[in-house]
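Beneath this line is the structure, given in structure tokens, with notes to follow.
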Amino acid sequence: MKNLKIVSAVALAAALFFPLHASRANAYDLQHARAQKDLTPALQQSLQDKLSDVSGPYFDEQDQKKAKGQVYIDLLQKFEYLPTYGPHNHLVVSCKLGGVEYNPAKPGTAKGLATGKLKYLVFTYALEGKEWVAVSKPKWESQDLGVAGAAQMRQNLAHGEQRKAAQQKTAQTHAAAAAAADAAQKAADRAGH
């Protein structure tokens, strides 16, 4: 019976102590609010301006590879930003620029045959004052989708090209119809005067 009373007293003391201690921790967190996780539009624009200067040679390199019939990456024009905040709200951003790898020597799409690999060029920058400073040299990362993934990617790309061609044909048809209607209206206006 004595042991049960001791265990009960310890459990009661622990229950009273830990919530009080936890509330102090929560109060401390509220005093030191966390930094926001997304980049503000102004920060994103300044980083985008910096990246447009340094990414140009990589786009040129891939264009040259494509022109020579070598395997190349069709880099997208849009970066993905992955911000992290370190001690004292020190902001470091990994900027990913990715694309599909193609072999232009093999038929598949207008760009060549998709190899089934996605490649990402990662730039890492830290904000120091109001300037973005490179933390490390850009590096390539790769993701291989495997045989099934490559087949699915090729199928999706082919469907995308077919949709694009159909949309262009529809737009041309609408433009021709609008031009014909405009010409008919002008002819009618001239005949009426």
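Every chain in the structure tokens takes a letter, A first, then B, and so on in the order presented; its residues are numbered from 1, and the ligands are numbered from 1 following the presented order.
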**OP:** Please provide the set of residues having any atom within 12 Å of Gly129 (chain A), restricted to only C-alpha atoms, with same-chain residues fewer than 5 positions apart removed, written as a ChimeraX atom specification.
**Re:** /A:43,89-91
Take the residues just selected and output them with all heavy atoms as a compact mmCIF listing (two decimals), in the first residue's frame.
```txt
# COMPACT_ATOMS: atom_id res chain seq x y z
N LEU A 43 11.92 39.22 -52.48
CA LEU A 43 13.09 38.36 -52.37
C LEU A 43 13.17 37.38 -53.54
O LEU A 43 14.23 37.13 -54.09
CB LEU A 43 13.08 37.58 -51.06
CG LEU A 43 13.46 38.32 -49.80
CD1 LEU A 43 13.31 37.42 -48.58
CD2 LEU A 43 14.87 38.85 -49.89
N ASN A 89 17.74 33.43 -38.18
CA ASN A 89 16.97 33.62 -39.41
C ASN A 89 17.84 33.79 -40.64
O ASN A 89 17.48 34.49 -41.58
CB ASN A 89 16.00 34.80 -39.28
CG ASN A 89 14.88 34.49 -38.33
OD1 ASN A 89 14.48 33.34 -38.19
ND2 ASN A 89 14.37 35.50 -37.66
N HIS A 90 19.01 33.16 -40.65
CA HIS A 90 19.89 33.19 -41.82
C HIS A 90 19.23 32.39 -42.94
O HIS A 90 18.97 31.21 -42.80
CB HIS A 90 21.25 32.59 -41.46
CG HIS A 90 22.24 32.64 -42.58
ND1 HIS A 90 22.87 33.80 -42.95
CD2 HIS A 90 22.67 31.68 -43.42
CE1 HIS A 90 23.67 33.55 -43.97
NE2 HIS A 90 23.57 32.27 -44.27
N LEU A 91 18.92 33.06 -44.05
CA LEU A 91 18.17 32.46 -45.15
C LEU A 91 19.11 31.85 -46.18
O LEU A 91 19.99 32.52 -46.72
CB LEU A 91 17.30 33.53 -45.81
CG LEU A 91 16.52 33.12 -47.06
CD1 LEU A 91 15.56 31.97 -46.76
CD2 LEU A 91 15.75 34.32 -47.60
```
Please tabulate, as CSV, the residues of region 37-58 of chain A that come within 12 Å of region 95-108 of chain A, each with its closest pair of atoms and the distance in Å to one decimal, counting only C-alpha atoms and ordering rows by chain, then residue number upward.
```
residue,atom,partner,partner_atom,distance
A:Leu39,CA,A:Cys95,CA,11.9
A:Gln44,CA,A:Cys95,CA,10.5
A:Leu47,CA,A:Cys95,CA,9.2
A:Gln48,CA,A:Cys95,CA,9.4
A:Lys50,CA,A:Cys95,CA,11.2
A:Leu51,CA,A:Cys95,CA,8.6
A:Ser52,CA,A:Leu97,CA,11.1
A:Val54,CA,A:Cys95,CA,11.8
A:Ser55,CA,A:Leu97,CA,8.9
A:Gly56,CA,A:Leu97,CA,11.7
A:Tyr58,CA,A:Leu97,CA,10.2
```
**OP:** Enumerate the residues of region 85-193 of chain A with a DSSP assignment of strand (DSSP E or B), computed from the backbone, and present them as a PyMOL selection string.
**Re:** chain A and resi 85+91-103+109+112-128+131-144
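Pairwise distance (CA of Leu121 (chain A), CA of Glu141 (chain A)) equals 6.4 Å.
Rounded to one decimal, CA of Ala177 (chain A) and CA of Ala158 (chain A) lie 28.6 Å from each other.
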Original post:
Hey, can you check how far CA of Ala171 (chain A) sits from CA of Thr109 (chain A)?
Top reply: 21.7 Å
**OP:** Compile the contact shell of Leu157 (chain A) as a ChimeraX atom specification: residues with an atom at most 12 Å away, counting only C-alpha atoms, same-chain residues fewer than 2 positions apart removed.
**Re:** /A:100,102,108-116,150-155,159-164
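Across region 76-151 of chain A, DSSP run on the backbone finds alpha helix (DSSP H) at Gly146, Val147, Ala148, Gly149, Ala150 and Ala151 of chain A.
When the distance limit is 12 Å and only C-alpha atoms are what count, the residues near Ser46 (chain A), minus those fewer than 5 positions from it on the same chain, are Leu39, Thr40, Pro41, Leu51, Ser52, Asp53, Tyr125, Leu127, Lys130, Glu131, Trp132 and Val133 of chain A.
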Using the selection just defined, write its residues with C-alpha atoms as a tab-separated table (two decimals), in the first residue's frame.
```
chain	number	residue	atom	x	y	z
A	39	LEU	CA	10.10	33.84	-49.97
A	40	THR	CA	8.45	37.21	-50.25
A	41	PRO	CA	7.75	38.32	-53.83
A	51	LEU	CA	19.80	33.37	-61.22
A	52	SER	CA	19.01	34.65	-64.71
A	53	ASP	CA	22.57	35.98	-64.89
A	125	TYR	CA	22.39	31.00	-52.38
A	127	LEU	CA	20.95	36.17	-48.34
A	130	LYS	CA	20.35	42.58	-49.37
A	131	GLU	CA	22.65	40.55	-51.65
A	132	TRP	CA	22.41	36.91	-52.72
A	133	VAL	CA	25.76	35.13	-52.34
```
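Closest approach to Lys119 (chain A) among A:Gln62, A:Thr173, A:Gln185, A:Ser136 is made by A:Gln62 (distances from only C-alpha atoms).
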